[in-house]
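A.B. asks: Below is the file model30.csv, which contains CSV, C-alpha atoms.
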```csv
chain,number,residue,atom,x,y,z
N,238,MET,CA,0.0,0.0,0.0
N,239,ASP,CA,1.2,3.5,-0.8
N,240,PRO,CA,2.4,4.9,2.6
N,241,ALA,CA,1.1,8.4,1.7
N,242,ILE,CA,-2.5,7.1,1.7
N,243,PRO,CA,-2.7,6.0,5.4
N,244,ALA,CA,-1.1,9.4,6.4
N,245,ILE,CA,-3.8,11.3,4.6
N,246,LEU,CA,-6.6,9.0,5.9
N,247,ARG,CA,-5.2,9.4,9.4
N,248,ALA,CA,-5.4,13.1,9.0
N,249,VAL,CA,-9.1,12.9,7.8
N,250,PHE,CA,-10.0,10.5,10.6
N,251,GLY,CA,-8.2,12.7,13.2
N,252,TYR,CA,-10.0,15.8,12.0
N,253,LEU,CA,-13.5,14.2,11.9
N,254,PHE,CA,-12.9,12.5,15.2
N,255,LEU,CA,-11.9,15.8,16.8
N,256,VAL,CA,-14.9,17.6,15.3
N,257,LEU,CA,-17.2,14.9,16.8
N,258,THR,CA,-15.4,14.9,20.2
N,259,VAL,CA,-15.4,18.7,20.6
N,260,ARG,CA,-19.0,18.9,19.5
N,261,VAL,CA,-20.1,16.2,22.0
N,262,VAL,CA,-17.9,17.5,24.9
N,263,GLY,CA,-19.8,20.7,25.0
N,264,ARG,CA,-20.3,24.1,23.5
N,265,ARG,CA,-18.5,26.1,26.1
N,266,LEU,CA,-15.3,25.1,24.4
N,267,GLY,CA,-14.8,27.8,21.8
N,268,LYS,CA,-16.1,30.7,23.9
N,269,GLN,CA,-15.6,31.6,27.6
N,270,LEU,CA,-12.4,29.5,27.8
N,271,THR,CA,-11.7,28.5,31.4
N,272,PRO,CA,-8.3,27.0,32.4
N,273,PHE,CA,-10.0,23.6,32.3
N,274,GLU,CA,-11.0,24.0,28.7
N,275,PHE,CA,-7.6,25.3,27.8
N,276,ILE,CA,-6.2,22.0,29.1
N,277,LEU,CA,-8.8,20.0,27.1
N,278,ILE,CA,-8.0,21.8,23.8
N,279,PHE,CA,-4.2,21.5,24.1
N,280,TYR,CA,-4.4,17.9,25.3
N,281,LEU,CA,-6.8,16.8,22.6
N,282,GLY,CA,-4.6,18.6,19.9
N,283,GLY,CA,-1.4,17.0,21.2
N,284,LEU,CA,-2.8,13.5,21.5
N,285,THR,CA,-4.4,13.7,18.0
N,286,LEU,CA,-1.0,14.8,16.6
N,287,THR,CA,0.7,11.7,17.9
N,288,GLY,CA,-1.5,9.4,16.0
N,289,MET,CA,-1.7,11.5,12.9
N,290,VAL,CA,2.0,12.0,12.4
N,291,GLY,CA,3.0,8.5,13.5
N,292,ILE,CA,6.5,7.6,12.5
N,293,GLU,CA,6.4,9.8,9.4
N,294,ALA,CA,8.0,13.0,10.6
N,295,SER,CA,8.7,14.4,7.2
N,296,MET,CA,7.9,17.7,5.7
N,297,VAL,CA,6.0,16.1,2.9
N,298,ASN,CA,3.8,14.3,5.4
N,299,ALA,CA,3.2,17.5,7.3
N,300,ILE,CA,2.3,19.4,4.2
N,301,THR,CA,-0.1,16.7,2.8
N,302,GLN,CA,-1.8,16.3,6.1
N,303,ILE,CA,-2.2,20.1,6.5
N,304,LEU,CA,-3.6,20.3,3.0
N,305,THR,CA,-6.0,17.4,3.8
N,306,ILE,CA,-7.3,19.0,6.9
N,307,ALA,CA,-7.7,22.4,5.1
N,308,LEU,CA,-9.7,20.6,2.4
N,309,CYS,CA,-11.8,18.8,5.0
N,310,HIS,CA,-12.5,22.0,6.8
N,311,ARG,CA,-13.5,23.8,3.6
N,312,GLY,CA,-15.7,20.8,2.7
N,313,LEU,CA,-17.5,20.9,6.1
N,314,SER,CA,-17.9,24.7,5.8
N,315,ALA,CA,-19.4,24.4,2.3
N,316,LEU,CA,-21.8,21.7,3.6
N,317,ARG,CA,-22.7,23.9,6.6
N,318,VAL,CA,-23.7,26.8,4.3
N,319,ARG,CA,-25.7,24.6,1.9
N,320,SER,CA,-27.6,22.5,4.5
N,321,SER,CA,-29.4,23.7,7.6
N,322,THR,CA,-29.3,20.2,9.0
N,323,ALA,CA,-25.5,20.1,8.6
N,324,MET,CA,-25.3,23.5,10.3
N,325,LYS,CA,-27.3,22.3,13.2
N,326,LEU,CA,-25.2,19.1,13.4
N,327,LEU,CA,-21.9,20.9,13.3
N,328,ASP,CA,-22.8,24.0,15.4
N,329,GLY,CA,-25.8,23.1,17.4
N,330,VAL,CA,-28.8,25.4,17.9
N,331,PRO,CA,-29.4,28.3,20.3
N,332,LEU,CA,-31.1,27.2,23.4
N,333,ILE,CA,-33.3,29.2,25.7
N,334,LEU,CA,-32.1,29.0,29.3
N,335,MET,CA,-34.6,31.3,30.8
N,336,GLU,CA,-37.8,32.9,29.5
N,337,THR,CA,-40.7,34.9,30.9
N,338,ARG,CA,-42.2,31.8,32.5
N,339,GLY,CA,-39.0,30.8,34.3
N,340,TRP,CA,-35.9,28.7,34.0
N,341,ARG,CA,-35.7,25.8,31.5
N,342,THR,CA,-34.3,23.5,34.1
N,343,ASP,CA,-33.9,20.5,31.7
N,344,THR,CA,-31.8,22.6,29.2
N,345,LEU,CA,-29.7,24.0,32.1
N,346,ARG,CA,-29.0,20.5,33.4
N,347,ARG,CA,-28.2,18.9,30.1
N,348,MET,CA,-26.0,21.8,28.9
N,349,MET,CA,-24.3,21.9,32.3
N,350,VAL,CA,-25.0,25.6,32.8
N,351,GLN,CA,-25.9,27.0,36.2
N,352,ASP,CA,-28.2,29.9,36.9
N,353,ASP,CA,-25.2,31.7,38.3
N,354,ASP,CA,-23.6,31.6,34.8
N,355,VAL,CA,-26.6,33.5,33.4
N,356,MET,CA,-26.5,36.0,36.3
N,357,ASN,CA,-22.8,36.7,35.6
N,358,VAL,CA,-23.7,37.7,32.0
N,359,ALA,CA,-26.7,39.7,33.2
N,360,ARG,CA,-24.5,41.6,35.7
N,361,GLU,CA,-22.1,42.5,32.8
N,362,GLN,CA,-25.1,44.2,31.1
N,363,GLY,CA,-26.0,46.1,34.2
N,364,ILE,CA,-29.0,43.9,35.1
N,365,GLN,CA,-29.2,43.8,38.9
N,366,ASP,CA,-31.4,40.8,39.4
N,367,LEU,CA,-33.2,37.9,37.7
N,368,SER,CA,-36.4,40.0,37.4
N,369,GLY,CA,-34.6,42.2,34.9
N,370,ILE,CA,-34.0,39.3,32.4
N,371,ARG,CA,-36.6,38.8,29.7
N,372,ILE,CA,-34.8,35.9,28.0
N,373,ALA,CA,-31.4,34.2,28.4
N,374,VAL,CA,-30.1,32.2,25.4
N,375,LEU,CA,-27.2,29.8,25.2
N,376,GLU,CA,-26.0,30.6,21.6
N,377,ALA,CA,-24.7,27.9,19.3
N,378,PHE,CA,-21.2,29.3,19.5
N,379,GLY,CA,-21.2,28.9,23.2
N,380,GLN,CA,-21.9,32.4,24.6
N,381,ILE,CA,-24.8,33.2,26.9
N,382,ASN,CA,-26.8,36.2,25.7
N,383,VAL,CA,-29.3,38.0,27.9
N,384,VAL,CA,-32.1,40.2,26.7
N,385,PRO,CA,-33.2,42.6,29.4
N,386,CYS,CA,-36.8,43.3,30.2
N,387,ALA,CA,-38.3,46.7,29.3
N,388,PRO,CA,-38.6,48.7,32.5
N,389,GLN,CA,-42.4,48.3,32.7
N,390,GLN,CA,-42.1,44.6,32.0
N,391,GLN,CA,-40.0,43.7,35.0
N,392,ARG,CA,-41.2,40.6,36.7
N,393,GLN,CA,-42.1,40.6,40.4
N,394,ASN,CA,-39.6,38.7,42.5
N,395,PRO,CA,-41.1,35.9,44.5
Q,287,MET,CA,-22.9,52.8,-13.3
Q,288,SER,CA,-24.7,49.4,-13.3
Q,289,HIS,CA,-25.3,47.1,-10.4
Q,290,ASN,CA,-25.1,43.5,-11.5
Q,291,ALA,CA,-24.9,41.9,-8.1
Q,292,SER,CA,-27.7,39.4,-7.5
Q,293,LEU,CA,-29.9,40.4,-4.6
Q,294,LYS,CA,-32.2,38.4,-2.3
Q,295,PRO,CA,-35.1,40.1,-0.5
Q,296,VAL,CA,-34.4,40.6,3.2
Q,297,GLY,CA,-36.4,38.1,5.2
Q,298,ASP,CA,-36.4,36.7,8.6
Q,299,SER,CA,-36.7,32.9,8.7
Q,300,VAL,CA,-35.4,32.4,12.2
Q,301,PRO,CA,-38.1,31.0,14.5
Q,302,LYS,CA,-39.3,33.5,17.1
Q,303,ILE,CA,-40.2,33.2,20.7
Q,304,ASP,CA,-43.4,35.0,21.8
Q,305,ASN,CA,-43.7,36.2,18.2
Q,306,GLU,CA,-41.1,38.8,18.9
Q,307,LEU,CA,-37.6,37.6,19.6
Q,308,ALA,CA,-35.8,35.7,16.8
Q,309,VAL,CA,-33.9,33.0,18.7
Q,310,GLY,CA,-33.9,30.1,16.3
Q,311,GLU,CA,-34.3,27.4,19.0
Q,312,ASP,CA,-35.1,23.9,17.6
Q,313,LEU,CA,-35.8,21.9,20.7
Q,314,ASP,CA,-36.9,18.8,18.7
Q,315,PHE,CA,-33.5,18.7,17.1
Q,316,GLN,CA,-31.7,19.3,20.4
Q,317,ARG,CA,-33.6,16.5,22.1
Q,318,ARG,CA,-32.5,14.1,19.3
Q,319,TRP,CA,-29.0,15.4,19.7
Q,320,TRP,CA,-29.0,14.8,23.4
Q,321,ARG,CA,-30.1,11.2,22.7
Q,322,PHE,CA,-27.2,10.9,20.2
Q,323,GLU,CA,-24.8,12.4,22.7
Q,324,LYS,CA,-25.9,9.8,25.3
Q,325,VAL,CA,-25.1,7.0,22.8
Q,326,VAL,CA,-21.7,8.6,21.9
Q,327,TRP,CA,-20.7,8.9,25.6
Q,328,GLY,CA,-21.7,5.2,26.0
Q,329,ALA,CA,-19.6,4.3,23.0
Q,330,PHE,CA,-16.6,6.3,24.5
Q,331,LEU,CA,-17.0,4.4,27.8
Q,332,VAL,CA,-17.1,1.0,26.0
Q,333,ILE,CA,-14.0,2.0,24.0
Q,334,ILE,CA,-12.1,2.9,27.2
Q,335,ILE,CA,-13.1,-0.3,29.0
Q,336,CYS,CA,-12.1,-2.3,25.9
Q,337,ASP,CA,-8.7,-0.6,26.0
Q,338,LEU,CA,-8.2,-1.1,29.7
Q,339,VAL,CA,-8.8,-4.9,29.4
Q,340,GLY,CA,-6.6,-5.1,26.4
Q,341,LEU,CA,-9.0,-5.6,23.5
Q,342,PHE,CA,-7.1,-3.0,21.6
Q,343,GLY,CA,-3.7,-4.6,22.4
Q,344,ARG,CA,-1.2,-4.2,25.1
Q,345,GLY,CA,-3.3,-5.6,27.9
Q,346,TRP,CA,-4.6,-8.7,29.7
Q,347,LEU,CA,-7.0,-9.9,26.9
Q,348,ALA,CA,-4.5,-9.3,24.2
Q,349,ARG,CA,-2.1,-12.0,25.5
Q,350,ALA,CA,-2.2,-15.4,24.0
Q,351,GLU,CA,-0.3,-18.7,24.0
Q,352,VAL,CA,-0.2,-21.5,21.6
Q,353,SER,CA,1.7,-24.7,22.1
Q,354,THR,CA,2.3,-28.1,20.7
Q,355,PRO,CA,0.1,-30.9,22.1
Q,356,ASP,CA,3.0,-32.3,24.1
Q,357,LYS,CA,3.8,-28.8,25.5
Q,358,ALA,CA,7.4,-29.2,24.4
Q,359,PHE,CA,7.3,-26.0,22.5
Q,360,SER,CA,5.0,-23.0,23.1
Q,361,VAL,CA,4.7,-19.4,21.9
Q,362,GLU,CA,3.5,-16.5,23.9
Q,363,TYR,CA,2.4,-13.5,21.9
Q,364,GLU,CA,-0.2,-10.7,21.6
Q,365,TRP,CA,-3.0,-11.7,19.3
Q,366,ILE,CA,-4.0,-8.0,19.1
Q,367,GLU,CA,-1.2,-5.7,18.3
Q,368,ARG,CA,-1.1,-1.9,17.6
Q,369,ALA,CA,0.8,-0.6,14.6
Q,370,ASN,CA,4.1,1.0,15.3
Q,371,THR,CA,4.0,-0.2,18.9
Q,372,SER,CA,6.5,-2.7,20.2
Q,373,SER,CA,5.7,-6.0,21.8
Q,374,THR,CA,7.5,-9.3,22.6
Q,375,MET,CA,6.9,-12.8,21.3
Q,376,THR,CA,8.4,-15.4,23.5
Q,377,LEU,CA,9.3,-18.9,22.3
Q,378,ARG,CA,9.6,-21.4,25.1
Q,379,PHE,CA,11.3,-24.8,24.6
Q,380,GLY,CA,10.8,-27.7,26.9
Q,381,THR,CA,13.4,-30.4,27.4
Q,382,ALA,CA,12.0,-32.5,24.5
Q,383,ALA,CA,12.7,-29.6,22.1
Q,384,ILE,CA,16.4,-29.3,23.1
Q,385,ARG,CA,18.6,-31.8,21.3
Q,386,ASP,CA,22.4,-32.1,21.5
Q,387,GLY,CA,22.8,-28.9,23.4
Q,388,LYS,CA,21.0,-26.8,20.7
Q,389,VAL,CA,17.6,-25.6,19.6
Q,390,ASP,CA,16.6,-25.2,16.0
Q,391,VAL,CA,13.5,-23.1,15.4
Q,392,TYR,CA,11.8,-22.2,12.1
Q,393,VAL,CA,10.2,-18.7,12.0
Q,394,SER,CA,8.0,-17.8,9.0
Q,395,ASP,CA,8.7,-14.7,7.0
Q,396,SER,CA,5.5,-13.0,8.2
Q,397,VAL,CA,7.1,-12.6,11.7
Q,398,VAL,CA,9.8,-10.3,10.1
Q,399,GLN,CA,7.8,-8.7,7.3
Q,400,ASP,CA,4.3,-8.3,8.7
Q,401,LEU,CA,4.9,-8.3,12.5
Q,402,GLY,CA,8.1,-6.3,12.1
Q,403,ALA,CA,10.6,-8.5,14.0
Q,404,GLU,CA,13.4,-6.0,15.1
Q,405,GLN,CA,15.5,-8.0,17.4
Q,406,ILE,CA,16.0,-11.6,18.6
Q,407,MET,CA,17.4,-12.4,22.0
Q,408,PRO,CA,19.7,-14.1,22.5
Q,409,GLN,CA,21.6,-13.9,19.3
Q,410,PRO,CA,21.3,-17.1,17.3
Q,411,LEU,CA,24.5,-19.1,16.6
Q,412,MET,CA,23.5,-19.3,12.9
Q,413,SER,CA,20.5,-18.6,10.7
Q,414,VAL,CA,19.4,-20.2,7.5
Q,415,VAL,CA,17.0,-18.6,5.1
Q,416,GLY,CA,14.5,-20.4,2.9
Q,417,GLN,CA,11.2,-22.2,2.8
Q,418,GLY,CA,9.3,-19.0,3.4
Q,419,GLY,CA,11.1,-18.1,6.6
Q,420,ASN,CA,14.3,-18.4,8.6
Q,421,VAL,CA,15.7,-21.2,10.7
Q,422,TYR,CA,17.6,-20.1,13.8
Q,423,ARG,CA,19.9,-22.2,15.9
Q,424,PHE,CA,20.5,-21.4,19.6
Q,425,PRO,CA,22.8,-23.1,22.1
Q,426,ALA,CA,21.0,-24.6,25.0
Q,427,ASN,CA,22.3,-26.6,28.0
Q,428,GLY,CA,19.4,-28.6,29.2
Q,429,GLY,CA,16.3,-27.7,31.2
Q,430,THR,CA,14.0,-25.2,29.6
Q,431,ALA,CA,14.9,-22.3,27.4
Q,432,SER,CA,13.3,-19.3,25.9
Q,433,VAL,CA,13.9,-16.9,23.0
Q,434,ARG,CA,12.4,-13.5,22.7
Q,435,ILE,CA,11.6,-11.7,19.5
Q,436,LYS,CA,10.9,-8.0,19.7
Q,437,LEU,CA,8.1,-7.0,17.3
Q,438,GLN,CA,6.9,-3.7,15.9
Q,439,PRO,CA,4.3,-4.2,13.2
Q,440,VAL,CA,3.9,-1.4,10.7
Q,441,THR,CA,1.0,-2.5,8.5
Q,442,PRO,CA,-2.4,-2.9,10.0
Q,443,GLY,CA,-4.4,-6.0,9.1
Q,444,ILE,CA,-4.6,-9.7,9.9
Q,445,HIS,CA,-1.3,-11.6,9.8
Q,446,VAL,CA,-0.7,-15.3,10.2
Q,447,PHE,CA,2.6,-16.5,11.5
Q,448,ARG,CA,4.1,-20.0,11.8
Q,449,VAL,CA,6.9,-21.2,14.1
Q,450,GLN,CA,8.2,-24.7,14.5
Q,451,SER,CA,10.8,-26.2,16.8
Q,452,ALA,CA,12.8,-29.1,15.3
Q,453,GLY,CA,11.1,-32.4,16.2
Q,454,CYS,CA,7.8,-30.7,17.1
Q,455,VAL,CA,4.7,-30.0,15.1
Q,456,PRO,CA,4.4,-26.5,13.7
Q,457,VAL,CA,2.5,-23.8,15.6
Q,458,THR,CA,0.4,-21.4,13.7
Q,459,ALA,CA,-1.5,-18.3,15.0
Q,460,ARG,CA,-3.2,-15.2,13.8
Q,461,VAL,CA,-2.4,-11.6,14.9
Q,462,TYR,CA,-4.7,-8.7,14.4
Q,463,VAL,CA,-2.7,-5.4,14.0
Q,464,LEU,CA,-4.8,-2.4,14.7
Q,465,PRO,CA,-4.0,1.0,13.0
```
Using structure tokens, write down the structure from this file.

C.D. replies:
Amino acid sequence: MDPAIPAILRAVFGYLFLVLTVRVVGRRLGKQLTPFEFILIFYLGGLTLTGMVGIEASMVNAITQILTIALCHRGLSALRVRSSTAMKLLDGVPLILMETRGWRTDTLRRMMVQDDDVMNVAREQGIQDLSGIRIAVLEAFGQINVVPCAPQQQRQNP
Amino acid sequence: MSHNASLKPVGDSVPKIDNELAVGEDLDFQRRWWRFEKVVWGAFLVIIICDLVGLFGRGWLARAEVSTPDKAFSVEYEWIERANTSSTMTLRFGTAAIRDGKVDVYVSDSVVQDLGAEQIMPQPLMSVVGQGGNVYRFPANGGTASVRIKLQPVTPGIHVFRVQSAGCVPVTARVYVLP
């Protein structure tokens, strides 16, 4: 077998495996990086590199693998633009964490987000308490966005 | 000056909440994704457990031994190997396999080519090539003896090897090399 083919296949597999793993691990990865998530990213990258490069530490191998990953990335990006399903699969969808009727506890639990995380973002926007939040959304790219209530719409605190 | 750029009317297709805020939440998709995630985490766990017990090589379940019916000659090896990862194959000779202070053993070419034999310990007195393999001769002074072959397979796949000690029936086994 041509030794270049496994190297390229390894690169494709490594890329797709990382895409799946990072997508499954959680969406806080790209945004709001905590020290924990820094460790995860560097560790995943380093470990993938070991298997992808193998014993072929040549410049040719590096270039062909980089080009392969670039092509894969371009392909996934094109797919993402053309298909809304692919976009949802790759990026996820925005999720409402809190709405007028209250917290979406199931979403909070499954996405491992705490109400304190929402309140942190709210405070950054000058919102003093939960009654000032009209809706809180966990965006597909991992950021929590808070839409404040209009002053006359503020909910009564229990 | 002409404007030839194709234009699409501005429209808002993102689902709204309370008919007002365009959030684009798709809870049905997300619930399906959560179910998929659960399956993936289960698969990750199974993979890790399989690795711990040696089903991907280098562990308890990866070790195997084949021997002749009279146990005069046996081979310890790993039936699951990993590519570019070293392992050891041990050939054990009983007293019946040692004759006139020496041991002759035939090792098929696949041990060198497919399983990547890198080193044989101890060094043989002599080696003869032919018949799809090599015959090695080692000095032995009675009792039991063993020879170790350091392997480092390169090509993933299923490889069959054959070893035979002089005066014993041949021993054949299969090795699965994972990428």

A.B. asks: Should the cut-off be 6 Å, what would the residue list for chain N against chain Q look like, counting only C-alpha atoms, as a ChimeraX atom specification?

C.D. replies: /N:330-332

A.B. asks: Output the selection as a tab-separated table (two decimals), keeping the file's coordinate frame - C-alpha atoms for each residue.

C.D. replies:
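What follows is the written file selection.tsv:
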```
chain	number	residue	atom	x	y	z
N	330	VAL	CA	-28.80	25.40	17.90
N	331	PRO	CA	-29.40	28.30	20.30
N	332	LEU	CA	-31.10	27.20	23.40
```

A.B. asks: Go ahead and compute the interatomic distance for atom CA of Tyr252 of chain N and atom CA of Thr305 of chain N, in Å to one decimal.

C.D. replies: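 About the pair atom CA of Tyr252 of chain N and atom CA of Thr305 of chain N: they are 9.3 Å apart.
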
A.B. asks: Mind giving me the straight-line distance from atom CA of Ala291 of chain Q to atom CA of Ala323 of chain N in Å, one decimal?

C.D. replies: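 Separation of atom CA of Ala291 of chain Q and atom CA of Ala323 of chain N: 27.5 Å.
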
A.B. asks: Can you pull out the residues contacting Ile300 of chain N? Cut-off 12 Å, using only C-alpha atoms, and skip same-chain residues under 3 positions away; I want them as a list in words.

C.D. replies: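 Within the cut-off, the hits are Ala241, Ala244, Ile245, Ala248, Val290, Glu293, Ala294, Ser295, Met296, Val297, Ile303, Leu304, Thr305, Ile306 and Ala307 of chain N.
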
A.B. asks: Would you pick out the contacts of segment 374-389 of chain Q at 10 Å or less, using only C-alpha atoms, so that residues sharing its chain but fewer than 5 positions from it are not included, and give the list as number ranges by chain?

C.D. replies: Q: 349-353, 356-364, 397, 403, 405-407, 410-411, 422-438, 449-454

A.B. asks: Hey, can you spit out that residue selection with C-alpha atoms as a compact mmCIF listing (two decimals), keeping the file's coordinate frame?

C.D. replies:
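Written file, selection-v7.txt:
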```
# COMPACT_ATOMS: atom_id res chain seq x y z
CA ARG Q 349 -2.10 -12.00 25.50
CA ALA Q 350 -2.20 -15.40 24.00
CA GLU Q 351 -0.30 -18.70 24.00
CA VAL Q 352 -0.20 -21.50 21.60
CA SER Q 353 1.70 -24.70 22.10
CA ASP Q 356 3.00 -32.30 24.10
CA LYS Q 357 3.80 -28.80 25.50
CA ALA Q 358 7.40 -29.20 24.40
CA PHE Q 359 7.30 -26.00 22.50
CA SER Q 360 5.00 -23.00 23.10
CA VAL Q 361 4.70 -19.40 21.90
CA GLU Q 362 3.50 -16.50 23.90
CA TYR Q 363 2.40 -13.50 21.90
CA GLU Q 364 -0.20 -10.70 21.60
CA VAL Q 397 7.10 -12.60 11.70
CA ALA Q 403 10.60 -8.50 14.00
CA GLN Q 405 15.50 -8.00 17.40
CA ILE Q 406 16.00 -11.60 18.60
CA MET Q 407 17.40 -12.40 22.00
CA PRO Q 410 21.30 -17.10 17.30
CA LEU Q 411 24.50 -19.10 16.60
CA TYR Q 422 17.60 -20.10 13.80
CA ARG Q 423 19.90 -22.20 15.90
CA PHE Q 424 20.50 -21.40 19.60
CA PRO Q 425 22.80 -23.10 22.10
CA ALA Q 426 21.00 -24.60 25.00
CA ASN Q 427 22.30 -26.60 28.00
CA GLY Q 428 19.40 -28.60 29.20
CA GLY Q 429 16.30 -27.70 31.20
CA THR Q 430 14.00 -25.20 29.60
CA ALA Q 431 14.90 -22.30 27.40
CA SER Q 432 13.30 -19.30 25.90
CA VAL Q 433 13.90 -16.90 23.00
CA ARG Q 434 12.40 -13.50 22.70
CA ILE Q 435 11.60 -11.70 19.50
CA LYS Q 436 10.90 -8.00 19.70
CA LEU Q 437 8.10 -7.00 17.30
CA GLN Q 438 6.90 -3.70 15.90
CA VAL Q 449 6.90 -21.20 14.10
CA GLN Q 450 8.20 -24.70 14.50
CA SER Q 451 10.80 -26.20 16.80
CA ALA Q 452 12.80 -29.10 15.30
CA GLY Q 453 11.10 -32.40 16.20
CA CYS Q 454 7.80 -30.70 17.10
```

A.B. asks: Grab the atom CA of Ala377 of chain N to atom CA of Asp328 of chain N distance for me, in Å with one decimal place.

C.D. replies: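 Pair atom CA of Ala377 of chain N / atom CA of Asp328 of chain N returns 5.8 Å.
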
A.B. asks: Identify the residues around (-25.7, 34.8, 25.6) within a radius of 8 Å, measuring from all atoms listed in the file in the coordinates stated by the file, and give them as a VMD selection string.

C.D. replies: chain N and resid 355 358 373 to 376 379 to 383

A.B. asks: Between Q:Val415, Q:Val461, Q:Ile333, Q:Ile366, which residue has the minimum interatomic distance to Leu347 of chain Q, considering all atoms listed in the file?

C.D. replies: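 For Leu347 of chain Q, the nearest of the candidates is Q:Ile366.
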
A.B. asks: If you count all atoms listed in the file, which residues fall within 12 Å of Met349 of chain N, apart from same-chain ones fewer than 6 positions away, as an MDAnalysis selection string?

C.D. replies: chainID N and resid 262:265 334 342:343 355 375 379

A.B. asks: Mind checking which residues fall within 10 Å of Trp346 of chain Q, counting all atoms listed in the file, ignoring those fewer than 5 positions away in the same chain, and posting them as a PDB file with C-alpha atoms, in the frame of the given file?

C.D. replies:
```pdb
ATOM      1  CA  ASP Q 337      -8.700  -0.600  26.000  1.00  0.00           C
ATOM      2  CA  LEU Q 338      -8.200  -1.100  29.700  1.00  0.00           C
ATOM      3  CA  VAL Q 339      -8.800  -4.900  29.400  1.00  0.00           C
ATOM      4  CA  GLY Q 340      -6.600  -5.100  26.400  1.00  0.00           C
ATOM      5  CA  LEU Q 341      -9.000  -5.600  23.500  1.00  0.00           C
ATOM      6  CA  GLU Q 364      -0.200 -10.700  21.600  1.00  0.00           C
TER       7      GLU Q 364
END
```
